[in-house]
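Q: Provided below: model_14.cif, containing mmCIF, C-alpha atoms and all ligand atoms.
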data_upload
loop_
_atom_site.label_atom_id
_atom_site.label_comp_id
_atom_site.auth_asym_id
_atom_site.auth_seq_id
_atom_site.Cartn_x
_atom_site.Cartn_y
_atom_site.Cartn_z
CA MET A 1 94.71 -144.45 144.09
CA SER A 2 94.79 -147.01 141.36
CA GLN A 3 96.75 -145.54 138.49
CA THR A 4 96.24 -148.67 136.44
CA ASN A 5 92.72 -147.52 135.67
CA ALA A 6 93.81 -144.34 133.94
CA THR A 7 94.47 -145.01 130.29
CA PRO A 8 95.20 -142.30 127.76
CA ILE A 9 93.07 -142.66 124.69
CA GLY A 10 94.89 -144.34 121.86
CA ALA A 11 96.17 -147.33 123.80
CA THR A 12 92.99 -148.69 125.32
CA PRO A 13 90.15 -151.10 124.62
CA THR A 14 88.45 -148.10 123.02
CA ASP A 15 90.91 -148.36 120.19
CA THR A 16 89.78 -151.89 119.50
CA ALA A 17 86.15 -150.81 119.63
CA GLN A 18 86.76 -148.06 117.11
CA SER A 19 88.11 -150.43 114.51
CA HIS A 20 85.84 -153.40 115.18
CA ASP A 21 82.49 -153.29 116.92
CA ALA A 22 81.67 -149.72 117.86
CA ILE A 23 78.01 -148.69 117.94
CA LEU A 24 78.90 -145.00 118.27
CA GLU A 25 82.05 -143.46 116.88
CA VAL A 26 83.18 -139.92 117.50
CA GLN A 27 85.71 -139.31 114.74
CA HIS A 28 88.05 -136.34 115.07
CA LEU A 29 85.10 -134.13 115.96
CA ARG A 30 85.75 -130.39 115.88
CA LYS A 31 83.25 -127.59 116.35
CA VAL A 32 83.97 -123.91 115.97
CA TYR A 33 81.22 -121.35 116.58
CA GLY A 34 81.37 -118.30 114.34
CA SER A 35 84.38 -117.30 112.27
CA GLY A 36 87.25 -114.83 112.20
CA PRO A 37 88.71 -113.29 115.34
CA THR A 38 85.55 -113.83 117.40
CA ALA A 39 85.34 -117.56 116.59
CA VAL A 40 85.03 -119.91 119.57
CA GLU A 41 86.55 -123.35 119.24
CA ALA A 42 84.36 -125.40 121.57
CA ILE A 43 85.51 -128.85 120.48
CA GLY A 44 89.13 -129.24 119.41
CA ASN A 45 89.46 -132.90 118.53
CA LEU A 46 87.24 -135.52 120.11
CA ASP A 47 87.99 -139.06 119.12
CA PHE A 48 86.62 -142.12 120.88
CA SER A 49 84.07 -144.85 120.43
CA ILE A 50 81.55 -146.86 122.38
CA ARG A 51 80.83 -150.55 122.06
CA PRO A 52 77.28 -151.95 121.94
CA GLY A 53 75.82 -152.37 125.41
CA GLU A 54 78.37 -150.19 127.20
CA LEU A 55 77.49 -147.61 129.86
CA VAL A 56 79.94 -144.75 129.41
CA CYS A 57 79.97 -141.54 131.43
CA ILE A 58 81.44 -138.27 130.22
CA VAL A 59 82.65 -135.64 132.65
CA GLY A 60 84.54 -132.42 132.14
CA PRO A 61 84.98 -128.99 133.64
CA SER A 62 82.28 -126.39 133.20
CA GLY A 63 82.34 -124.94 129.69
CA ALA A 64 84.29 -127.92 128.35
CA GLY A 65 81.92 -128.30 125.44
CA LYS A 66 79.68 -131.11 126.71
CA THR A 67 76.49 -129.49 125.45
CA THR A 68 78.09 -128.77 122.10
CA PHE A 69 79.22 -132.37 121.87
CA LEU A 70 75.76 -133.74 122.72
CA ARG A 71 74.13 -131.46 120.18
CA CYS A 72 76.46 -132.92 117.55
CA VAL A 73 75.79 -136.48 118.75
CA SER A 74 72.03 -135.98 118.60
CA GLY A 75 72.21 -134.48 115.12
CA LEU A 76 71.09 -130.98 116.15
CA LEU A 77 74.39 -129.32 115.28
CA GLN A 78 76.68 -129.91 112.32
CA PRO A 79 80.34 -130.32 113.30
CA THR A 80 82.93 -128.07 111.66
CA SER A 81 84.89 -131.18 110.79
CA GLY A 82 84.96 -134.83 111.76
CA ALA A 83 81.88 -136.96 112.23
CA ILE A 84 79.58 -138.83 114.54
CA VAL A 85 78.87 -142.31 113.22
CA LEU A 86 75.98 -144.28 114.72
CA GLU A 87 75.67 -147.91 113.72
CA GLY A 88 77.85 -147.27 110.68
CA LYS A 89 75.90 -144.20 109.45
CA THR A 90 77.13 -140.63 109.70
CA VAL A 91 74.75 -138.56 111.82
CA ASN A 92 73.31 -135.65 109.81
CA GLY A 93 70.09 -135.10 111.76
CA PRO A 94 68.29 -136.67 114.74
CA PRO A 95 69.16 -140.37 114.36
CA GLU A 96 66.47 -143.04 114.45
CA GLY A 97 68.30 -145.36 116.80
CA MET A 98 68.88 -142.77 119.53
CA ALA A 99 66.81 -141.29 122.34
CA VAL A 100 67.91 -138.36 124.47
CA VAL A 101 66.94 -137.52 128.06
CA LEU A 102 67.66 -133.92 129.05
CA GLN A 103 68.18 -132.25 132.39
CA GLU A 104 65.13 -130.03 132.07
CA TYR A 105 62.26 -132.49 132.34
CA GLY A 106 59.91 -129.54 132.87
CA ARG A 107 60.65 -128.34 129.37
CA SER A 108 60.87 -131.70 127.68
CA LEU A 109 57.37 -132.93 128.67
CA PHE A 110 54.28 -131.26 127.22
CA PRO A 111 52.13 -130.10 130.16
CA TRP A 112 48.89 -130.27 128.17
CA LEU A 113 49.41 -133.94 127.34
CA THR A 114 48.98 -136.81 129.79
CA VAL A 115 51.89 -139.03 130.70
CA GLN A 116 50.62 -141.64 128.24
CA GLN A 117 50.29 -139.08 125.44
CA ASN A 118 53.76 -137.69 126.12
CA ILE A 119 55.26 -141.15 125.78
CA GLU A 120 53.17 -141.93 122.72
CA LEU A 121 54.20 -138.83 120.75
CA PRO A 122 57.57 -140.10 119.42
CA LEU A 123 56.00 -143.52 118.81
CA LEU A 124 53.49 -141.97 116.39
CA GLU A 125 56.42 -140.96 114.19
CA LYS A 126 57.55 -144.58 114.11
CA LYS A 127 54.16 -145.47 112.61
CA LEU A 128 53.56 -148.29 115.08
CA ASP A 129 50.03 -149.68 115.37
CA LYS A 130 47.94 -148.71 118.38
CA ALA A 131 48.25 -152.05 120.22
CA THR A 132 52.06 -151.96 119.96
CA ARG A 133 52.13 -148.35 121.14
CA GLN A 134 49.90 -149.19 124.11
CA SER A 135 52.05 -152.10 125.16
CA LEU A 136 55.30 -150.10 124.82
CA ILE A 137 53.79 -147.31 126.94
CA ALA A 138 52.60 -149.75 129.61
CA GLU A 139 55.92 -151.63 129.73
CA SER A 140 58.03 -148.47 129.89
CA LEU A 141 55.88 -147.00 132.68
CA GLU A 142 56.20 -150.25 134.64
CA ALA A 143 59.97 -150.20 134.08
CA VAL A 144 60.27 -146.75 135.68
CA GLY A 145 57.88 -147.57 138.52
CA LEU A 146 54.99 -145.41 137.31
CA GLY A 147 52.54 -148.11 136.29
CA GLY A 148 49.53 -146.22 137.68
CA SER A 149 50.33 -142.77 136.30
CA ALA A 150 49.43 -143.03 132.59
CA SER A 151 46.46 -140.68 132.78
CA LYS A 152 48.11 -138.04 134.97
CA TYR A 153 49.50 -134.77 133.64
CA PRO A 154 53.20 -133.93 134.18
CA TRP A 155 52.32 -131.07 136.51
CA GLN A 156 50.55 -133.53 138.83
CA LEU A 157 53.86 -135.34 139.38
CA SER A 158 57.00 -134.54 141.41
CA GLY A 159 60.22 -133.56 139.62
CA GLY A 160 61.67 -137.03 140.08
CA MET A 161 58.49 -138.61 138.71
CA GLN A 162 58.55 -136.29 135.70
CA GLN A 163 62.11 -137.35 134.99
CA ARG A 164 60.94 -140.98 135.23
CA VAL A 165 58.33 -140.16 132.57
CA ALA A 166 61.06 -138.67 130.37
CA ILE A 167 63.05 -141.89 130.82
CA ALA A 168 59.96 -143.98 130.06
CA ARG A 169 59.41 -142.00 126.88
CA ALA A 170 63.01 -142.60 125.85
CA ILE A 171 62.94 -146.35 126.46
CA ALA A 172 59.50 -146.83 124.88
CA PHE A 173 61.15 -145.58 121.70
CA GLN A 174 63.39 -148.67 121.91
CA PRO A 175 66.63 -146.83 121.15
CA HIS A 176 69.89 -148.63 120.56
CA VAL A 177 71.72 -145.72 122.17
CA LEU A 178 70.31 -143.76 125.09
CA VAL A 179 71.96 -140.37 125.59
CA MET A 180 71.45 -138.67 128.94
CA ASP A 181 72.49 -135.04 129.41
CA GLU A 182 72.90 -134.32 133.12
CA PRO A 183 69.46 -135.85 133.66
CA PHE A 184 69.46 -135.69 137.46
CA ALA A 185 71.01 -132.29 138.04
CA ALA A 186 67.68 -130.76 139.02
CA VAL A 187 66.38 -133.36 141.50
CA ASP A 188 67.10 -133.84 145.21
CA ALA A 189 69.86 -136.18 146.38
CA GLN A 190 67.57 -139.04 147.45
CA THR A 191 65.64 -139.00 144.18
CA ARG A 192 68.90 -138.76 142.30
CA ALA A 193 70.20 -141.94 143.95
CA GLU A 194 66.97 -143.78 143.03
CA LEU A 195 67.16 -142.57 139.44
CA GLU A 196 70.81 -143.60 139.16
CA ASP A 197 69.83 -147.12 140.18
CA LEU A 198 66.96 -147.00 137.69
CA VAL A 199 69.40 -146.17 134.88
CA ARG A 200 71.60 -149.13 135.76
CA THR A 201 68.57 -151.44 135.97
CA ILE A 202 67.25 -150.29 132.59
CA TRP A 203 70.71 -150.56 131.06
CA LYS A 204 71.09 -154.13 132.31
CA THR A 205 67.60 -155.36 131.49
CA MET A 206 67.29 -153.68 128.09
CA GLY A 207 70.87 -154.11 126.95
CA VAL A 208 70.79 -150.55 125.61
CA THR A 209 74.04 -148.58 125.11
CA VAL A 210 74.10 -145.58 127.44
CA LEU A 211 76.09 -142.36 127.05
CA PHE A 212 75.66 -140.39 130.27
CA VAL A 213 76.97 -136.84 130.62
CA THR A 214 77.28 -135.47 134.12
CA HIS A 215 79.01 -132.81 136.21
CA ASP A 216 78.96 -135.15 139.18
CA ILE A 217 82.17 -137.14 139.65
CA ASP A 218 80.67 -139.61 142.14
CA GLU A 219 77.72 -140.22 139.83
CA SER A 220 80.02 -140.96 136.91
CA VAL A 221 82.01 -143.50 138.94
CA TYR A 222 78.91 -145.11 140.44
CA LEU A 223 77.16 -145.51 137.08
CA GLY A 224 79.80 -146.11 134.47
CA GLN A 225 81.88 -148.93 133.12
CA ARG A 226 84.29 -146.24 132.06
CA VAL A 227 84.48 -142.51 132.51
CA ILE A 228 85.77 -140.31 129.72
CA VAL A 229 87.27 -137.11 131.11
CA LEU A 230 87.21 -134.13 128.77
CA SER A 231 89.70 -131.31 128.76
CA SER A 232 88.66 -127.67 128.93
CA ALA A 233 87.50 -126.16 125.63
CA PRO A 234 88.63 -126.65 122.94
CA THR A 235 87.72 -130.12 124.10
CA MET A 236 89.60 -133.32 123.58
CA VAL A 237 89.70 -136.52 125.59
CA LEU A 238 92.03 -135.90 128.49
CA GLU A 239 91.95 -139.46 129.71
CA GLU A 240 89.58 -142.30 130.31
CA VAL A 241 89.18 -144.23 133.52
CA ILE A 242 88.06 -147.84 133.54
CA ILE A 243 85.59 -148.42 136.37
CA ASP A 244 86.34 -151.92 137.52
CA LEU A 245 83.87 -151.92 140.39
CA PRO A 246 81.61 -154.97 140.89
CA GLU A 247 78.79 -155.23 138.34
CA VAL A 248 76.12 -155.25 141.04
CA ARG A 249 76.21 -151.80 142.56
CA ASP A 250 74.50 -150.46 145.62
CA GLN A 251 74.31 -146.86 146.80
CA LEU A 252 75.66 -147.70 150.25
CA SER A 253 78.09 -150.56 149.86
CA THR A 254 79.57 -149.59 146.46
CA ARG A 255 80.17 -146.00 147.51
CA ALA A 256 81.81 -147.26 150.73
CA LEU A 257 84.39 -149.35 148.84
CA PRO A 258 88.00 -148.12 149.00
CA GLU A 259 88.18 -148.71 145.24
CA PHE A 260 85.27 -146.29 144.79
CA ALA A 261 87.15 -143.63 146.75
CA ASP A 262 90.28 -144.26 144.66
CA LEU A 263 88.39 -143.91 141.39
CA ARG A 264 86.60 -140.77 142.57
CA THR A 265 89.96 -139.23 143.54
CA GLN A 266 91.40 -140.19 140.20
CA VAL A 267 88.57 -138.55 138.21
CA TYR A 268 88.60 -135.51 140.50
CA GLU A 269 92.33 -135.01 139.96
CA LEU A 270 91.91 -135.33 136.22
CA ILE A 271 89.23 -132.65 136.22
CA GLN A 272 91.44 -130.37 138.30
CA ARG A 273 94.19 -130.97 135.73
CA ALA A 274 91.73 -130.22 132.92
CA LYS A 275 90.86 -126.89 134.56
CA HIS A 276 94.43 -125.76 135.01
CA GLU A 277 96.34 -127.18 132.07
CA ARG A 278 96.44 -125.31 128.82
CA TYR A 279 96.18 -127.12 125.52
CA SER A 280 97.45 -125.99 122.16
CA PRO A 281 94.53 -126.43 119.83
CA THR A 282 94.42 -125.36 116.22
CA PRO A 283 93.68 -121.59 116.07
CA ALA A 284 89.92 -121.14 115.69
CA SER A 285 90.46 -118.64 112.87
CA ALA A 286 92.00 -121.46 110.83
CA ALA A 287 88.60 -123.22 110.76
N1 LIG B 1 76.04 -120.83 120.22
C1 LIG B 1 77.28 -120.54 120.64
N2 LIG B 1 77.97 -119.54 120.07
C2 LIG B 1 79.23 -119.23 120.46
N3 LIG B 1 79.89 -119.90 121.45
C3 LIG B 1 79.24 -120.90 122.05
C4 LIG B 1 77.90 -121.27 121.69
N4 LIG B 1 77.53 -122.31 122.49
C5 LIG B 1 78.57 -122.58 123.30
N5 LIG B 1 79.60 -121.73 123.04
C6 LIG B 1 80.91 -121.73 123.70
O1 LIG B 1 81.50 -123.03 123.50
C7 LIG B 1 82.19 -123.44 124.70
C8 LIG B 1 81.61 -124.76 125.19
O2 LIG B 1 80.26 -124.54 125.60
P1 LIG B 1 79.26 -125.72 126.03
O3 LIG B 1 77.97 -125.08 126.44
O4 LIG B 1 79.23 -126.73 124.97
O5 LIG B 1 80.03 -126.31 127.32
P2 LIG B 1 79.47 -127.20 128.53
O6 LIG B 1 80.57 -128.14 128.86
O7 LIG B 1 78.16 -127.79 128.17
O8 LIG B 1 79.28 -126.12 129.66
P3 LIG B 1 78.59 -126.33 131.12
O9 LIG B 1 79.33 -127.43 131.77
O10 LIG B 1 78.84 -125.01 131.79
O11 LIG B 1 77.16 -126.63 130.87
C9 LIG B 1 82.04 -122.30 125.71
O12 LIG B 1 83.19 -121.47 125.59
C10 LIG B 1 80.82 -121.54 125.21
O13 LIG B 1 80.88 -120.19 125.56
#
Please render this file's structure as structure tokens.
Ligand SMILES: Nc1ncnc2c1ncn2[C@@H]1O[C@H](COP(=O)(O)OP(=O)(O)OP(=O)(O)O)[C@@H](O)[C@H]1O
A:
Amino acid sequence: MSQTNATPIGATPTDTAQSHDAILEVQHLRKVYGSGPTAVEAIGNLDFSIRPGELVCIVGPSGAGKTTFLRCVSGLLQPTSGAIVLEGKTVNGPPEGMAVVLQEYGRSLFPWLTVQQNIELPLLEKKLDKATRQSLIAESLEAVGLGGSASKYPWQLSGGMQQRVAIARAIAFQPHVLVMDEPFAAVDAQTRAELEDLVRTIWKTMGVTVLFVTHDIDESVYLGQRVIVLSSAPTMVLEEVIIDLPEVRDQLSTRALPEFADLRTQVYELIQRAKHERYSPTPASAA
């Protein structure tokens, strides 16, 4: 186990990113649901940042507050205190420079629209001309390996293909930050491996910043440049692990590396610690 990869937040490259060239800053984020004695403090104090072009994975125990955090990041939920800052602007609603891919592709694609129409929908809001929209749709479908599926309906496609459409829709939007919320939790293992490789390919070819939330420890190590491990709710950053695996990754050879096993063990142990350790957050009623 390589302990040198585990670096408590506050004394890491993240610190530099926060003060210099962060694209996404999570600044002392706190979220309390409700008030009084029944209040639930989901996020205690989240504080980290992401540099442009990074691929960062977030893992944490069940109920850690990942969904709450992503709802704040995507502007769907107002934090109790603290802020999300994207490209220097505080997020107060769905930000222009961000696209989100959710786990439930079945609910995120409109079944009465074709693949092409599903991808086009967010582009209409951007007021792009038809030729630009058509070329973005064609390029994004090619990028996810669905070049011939533009006129199909989502229900004519497998689950993995539907998730590819959701990814195509996200990248056609040309986001600066791509947020993925457990996007492969509902697909089979083989499809999941293919989609993981697709994410890395898109990340490398498009240069987009990716924030990838997952329950899957192996997935976080395989995909990320660093893995941020969250504590149990009320969430804070427990630790972050730098993934210093070779840039070119392969499902067989990368996962067979001893370094991969070390990193997986390290993240696993952190999550076990997160489940069993108690933190002393601010009382929710003080919100
Ligand atoms: N709308 C809400 N009202 C009150 N409490 C909530 C609400 N949404 C979430 N919570 C609570 O906030 C905490 C964090 O929940 P959240 O769903 O964000 O965690 P999660 O990490 O996404 O969970 P999982 O890994 O199981 O999907 C939990 O204690 C949950 O019960």
Q: Just the number, please: distance in Å from CA of Thr214 (chain A) to CA of Asn118 (chain A), one decimal.
A: 24.9 Å
Q: Output as CSV one row per residue of region 186-281 of chain A within 12 Å of region 81-101 of chain A: the closest atom pair and its distance in Å to one decimal place, counting all atoms listed in the file, sorted by chain and residue number ascending.
A:
residue,atom,partner,partner_atom,distance
A:Val199,CA,A:Val101,CA,11.3
A:Val208,CA,A:Met98,CA,10.1
A:Thr209,CA,A:Met98,CA,9.6
A:Val210,CA,A:Ala99,CA,9.9
A:Leu211,CA,A:Val100,CA,9.5
A:Phe212,CA,A:Val101,CA,9.4
A:Val213,CA,A:Val101,CA,10.4
Q: With 6 Å as the cut-off and only C-alpha atoms and all ligand atoms counted, what is the closest atom pair between each nearby residue of chain A and ligand LIG 1 (chain B)? Distances in Å to one decimal, ordered by chain and number, as a Markdown table.
A:
| residue | atom | partner | partner_atom | distance |
| --- | --- | --- | --- | --- |
| A:Tyr33 | CA | B:LIG1 | C2 | 4.8 |
| A:Val40 | CA | B:LIG1 | N3 | 5.5 |
| A:Ala42 | CA | B:LIG1 | O1 | 4.2 |
| A:Ser62 | CA | B:LIG1 | O9 | 3.4 |
| A:Gly63 | CA | B:LIG1 | O8 | 3.3 |
| A:Ala64 | CA | B:LIG1 | O6 | 3.8 |
| A:Gly65 | CA | B:LIG1 | O4 | 3.1 |
| A:Lys66 | CA | B:LIG1 | O6 | 3.8 |
| A:Thr67 | CA | B:LIG1 | O7 | 3.6 |
| A:Thr68 | CA | B:LIG1 | O4 | 3.7 |
Q: Which residues are near Arg226 (chain A)? Cut-off 6 Å, all atoms listed in the file, ignore same chain within fewer than 3 positions. Put them as a list in words.
A: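 My reading of the contact set: Val56, Val241, Ile242 and Ile243 of chain A.
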Q: Return the single residue from A:Leu109, A:Ile217, A:Val32, A:Ile23 that is closest to Arg264 (chain A), with distances computed using all atoms listed in the file.
A: A:Ile217
Q: Just give me the gap between CA of Glu25 (chain A) and CA of Ser49 (chain A) in Å, one decimal is fine.
A: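 A separation of 4.3 Å between them.
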Q: Produce region 59-164 of chain A of the given structure as output with C-alpha atoms, as a PDB file, in the first residue's frame.
A:
ATOM      1  CA  VAL A  59     -16.480   8.361  -3.507  1.00  0.00           C
ATOM      2  CA  GLY A  60     -18.051   8.062  -0.098  1.00  0.00           C
ATOM      3  CA  PRO A  61     -20.146   5.730   1.998  1.00  0.00           C
ATOM      4  CA  SER A  62     -23.843   5.391   1.293  1.00  0.00           C
ATOM      5  CA  GLY A  63     -25.762   8.397   2.597  1.00  0.00           C
ATOM      6  CA  ALA A  64     -22.611  10.533   2.698  1.00  0.00           C
ATOM      7  CA  GLY A  65     -24.346  13.370   0.900  1.00  0.00           C
ATOM      8  CA  LYS A  66     -23.123  12.809  -2.662  1.00  0.00           C
ATOM      9  CA  THR A  67     -26.516  13.507  -4.212  1.00  0.00           C
ATOM     10  CA  THR A  68     -26.945  16.597  -2.072  1.00  0.00           C
ATOM     11  CA  PHE A  69     -23.514  17.795  -3.136  1.00  0.00           C
ATOM     12  CA  LEU A  70     -24.223  17.223  -6.847  1.00  0.00           C
ATOM     13  CA  ARG A  71     -27.544  19.023  -6.584  1.00  0.00           C
ATOM     14  CA  CYS A  72     -25.667  22.015  -5.161  1.00  0.00           C
ATOM     15  CA  VAL A  73     -22.975  21.773  -7.859  1.00  0.00           C
ATOM     16  CA  SER A  74     -25.557  21.667 -10.640  1.00  0.00           C
ATOM     17  CA  GLY A  75     -27.440  24.634  -9.207  1.00  0.00           C
ATOM     18  CA  LEU A  76     -30.595  22.694  -8.301  1.00  0.00           C
ATOM     19  CA  LEU A  77     -30.209  23.205  -4.560  1.00  0.00           C
ATOM     20  CA  GLN A  78     -29.119  26.284  -2.640  1.00  0.00           C
ATOM     21  CA  PRO A  79     -26.476  25.563   0.005  1.00  0.00           C
ATOM     22  CA  THR A  80     -27.145  26.627   3.590  1.00  0.00           C
ATOM     23  CA  SER A  81     -23.777  28.347   3.559  1.00  0.00           C
ATOM     24  CA  GLY A  82     -20.644  28.364   1.456  1.00  0.00           C
ATOM     25  CA  ALA A  83     -20.625  28.380  -2.311  1.00  0.00           C
ATOM     26  CA  ILE A  84     -19.933  26.568  -5.541  1.00  0.00           C
ATOM     27  CA  VAL A  85     -17.911  28.729  -7.901  1.00  0.00           C
ATOM     28  CA  LEU A  86     -17.671  27.711 -11.553  1.00  0.00           C
ATOM     29  CA  GLU A  87     -15.224  29.618 -13.720  1.00  0.00           C
ATOM     30  CA  GLY A  88     -15.184  32.445 -11.196  1.00  0.00           C
ATOM     31  CA  LYS A  89     -18.995  32.765 -10.920  1.00  0.00           C
ATOM     32  CA  THR A  90     -21.048  31.632  -7.948  1.00  0.00           C
ATOM     33  CA  VAL A  91     -23.547  28.967  -9.001  1.00  0.00           C
ATOM     34  CA  ASN A  92     -27.124  30.097  -8.296  1.00  0.00           C
ATOM     35  CA  GLY A  93     -28.944  27.979 -10.875  1.00  0.00           C
ATOM     36  CA  PRO A  94     -28.053  25.461 -13.598  1.00  0.00           C
ATOM     37  CA  PRO A  95     -24.733  26.824 -14.910  1.00  0.00           C
ATOM     38  CA  GLU A  96     -24.155  27.352 -18.623  1.00  0.00           C
ATOM     39  CA  GLY A  97     -20.737  25.742 -18.714  1.00  0.00           C
ATOM     40  CA  MET A  98     -21.809  22.457 -17.137  1.00  0.00           C
ATOM     41  CA  ALA A  99     -23.505  19.294 -18.354  1.00  0.00           C
ATOM     42  CA  VAL A 100     -24.690  16.499 -16.080  1.00  0.00           C
ATOM     43  CA  VAL A 101     -25.070  12.791 -16.849  1.00  0.00           C
ATOM     44  CA  LEU A 102     -27.255  10.916 -14.374  1.00  0.00           C
ATOM     45  CA  GLN A 103     -27.497   7.269 -13.437  1.00  0.00           C
ATOM     46  CA  GLU A 104     -31.063   6.907 -14.651  1.00  0.00           C
ATOM     47  CA  TYR A 105     -30.714   7.201 -18.405  1.00  0.00           C
ATOM     48  CA  GLY A 106     -34.254   5.842 -18.749  1.00  0.00           C
ATOM     49  CA  ARG A 107     -35.582   8.928 -17.032  1.00  0.00           C
ATOM     50  CA  SER A 108     -33.213  11.439 -18.525  1.00  0.00           C
ATOM     51  CA  LEU A 109     -34.019  10.697 -22.201  1.00  0.00           C
ATOM     52  CA  PHE A 110     -37.438  11.565 -23.613  1.00  0.00           C
ATOM     53  CA  PRO A 111     -38.897   8.364 -25.095  1.00  0.00           C
ATOM     54  CA  TRP A 112     -41.083  10.220 -27.595  1.00  0.00           C
ATOM     55  CA  LEU A 113     -38.088  12.001 -29.118  1.00  0.00           C
ATOM     56  CA  THR A 114     -35.514  10.382 -31.391  1.00  0.00           C
ATOM     57  CA  VAL A 115     -31.885  10.171 -30.360  1.00  0.00           C
ATOM     58  CA  GLN A 116     -31.136  13.184 -32.545  1.00  0.00           C
ATOM     59  CA  GLN A 117     -33.992  15.211 -31.037  1.00  0.00           C
ATOM     60  CA  ASN A 118     -32.937  14.295 -27.504  1.00  0.00           C
ATOM     61  CA  ILE A 119     -29.432  15.572 -28.165  1.00  0.00           C
ATOM     62  CA  GLU A 120     -30.728  18.671 -29.927  1.00  0.00           C
ATOM     63  CA  LEU A 121     -33.028  19.790 -27.105  1.00  0.00           C
ATOM     64  CA  PRO A 122     -30.409  21.508 -24.895  1.00  0.00           C
ATOM     65  CA  LEU A 123     -28.760  22.944 -28.016  1.00  0.00           C
ATOM     66  CA  LEU A 124     -31.980  24.790 -28.894  1.00  0.00           C
ATOM     67  CA  GLU A 125     -31.610  26.740 -25.656  1.00  0.00           C
ATOM     68  CA  LYS A 126     -28.136  27.799 -26.747  1.00  0.00           C
ATOM     69  CA  LYS A 127     -29.716  29.378 -29.835  1.00  0.00           C
ATOM     70  CA  LEU A 128     -27.273  27.712 -32.212  1.00  0.00           C
ATOM     71  CA  ASP A 129     -28.134  27.687 -35.921  1.00  0.00           C
ATOM     72  CA  LYS A 130     -29.395  24.469 -37.466  1.00  0.00           C
ATOM     73  CA  ALA A 131     -26.174  23.577 -39.312  1.00  0.00           C
ATOM     74  CA  THR A 132     -24.112  23.923 -36.107  1.00  0.00           C
ATOM     75  CA  ARG A 133     -26.644  21.836 -34.182  1.00  0.00           C
ATOM     76  CA  GLN A 134     -26.565  19.122 -36.850  1.00  0.00           C
ATOM     77  CA  SER A 135     -22.806  18.940 -36.846  1.00  0.00           C
ATOM     78  CA  LEU A 136     -22.596  18.845 -33.019  1.00  0.00           C
ATOM     79  CA  ILE A 137     -25.163  16.022 -32.965  1.00  0.00           C
ATOM     80  CA  ALA A 138     -23.304  14.048 -35.645  1.00  0.00           C
ATOM     81  CA  GLU A 139     -19.903  14.534 -33.987  1.00  0.00           C
ATOM     82  CA  SER A 140     -21.140  13.614 -30.512  1.00  0.00           C
ATOM     83  CA  LEU A 141     -22.877  10.472 -31.796  1.00  0.00           C
ATOM     84  CA  GLU A 142     -19.687   9.446 -33.605  1.00  0.00           C
ATOM     85  CA  ALA A 143     -17.697  10.085 -30.420  1.00  0.00           C
ATOM     86  CA  VAL A 144     -19.861   7.652 -28.440  1.00  0.00           C
ATOM     87  CA  GLY A 145     -19.929   5.047 -31.220  1.00  0.00           C
ATOM     88  CA  LEU A 146     -23.565   5.565 -32.221  1.00  0.00           C
ATOM     89  CA  GLY A 147     -23.085   7.170 -35.610  1.00  0.00           C
ATOM     90  CA  GLY A 148     -25.973   5.243 -37.190  1.00  0.00           C
ATOM     91  CA  SER A 149     -28.549   5.701 -34.431  1.00  0.00           C
ATOM     92  CA  ALA A 150     -29.716   9.321 -34.855  1.00  0.00           C
ATOM     93  CA  SER A 151     -33.222   8.423 -35.995  1.00  0.00           C
ATOM     94  CA  LYS A 152     -33.839   5.674 -33.436  1.00  0.00           C
ATOM     95  CA  TYR A 153     -35.922   6.147 -30.302  1.00  0.00           C
ATOM     96  CA  PRO A 154     -34.340   5.519 -26.874  1.00  0.00           C
ATOM     97  CA  TRP A 155     -36.559   2.496 -26.279  1.00  0.00           C
ATOM     98  CA  GLN A 156     -35.099   0.849 -29.397  1.00  0.00           C
ATOM     99  CA  LEU A 157     -31.647   0.895 -27.767  1.00  0.00           C
ATOM    100  CA  SER A 158     -30.012  -1.174 -25.009  1.00  0.00           C
ATOM    101  CA  GLY A 159     -29.355   0.388 -21.596  1.00  0.00           C
ATOM    102  CA  GLY A 160     -25.688   0.899 -22.410  1.00  0.00           C
ATOM    103  CA  MET A 161     -26.580   2.541 -25.728  1.00  0.00           C
ATOM    104  CA  GLN A 162     -29.067   4.836 -24.000  1.00  0.00           C
ATOM    105  CA  GLN A 163     -26.361   5.915 -21.589  1.00  0.00           C
ATOM    106  CA  ARG A 164     -24.122   6.596 -24.606  1.00  0.00           C
TER     107      ARG A 164
END
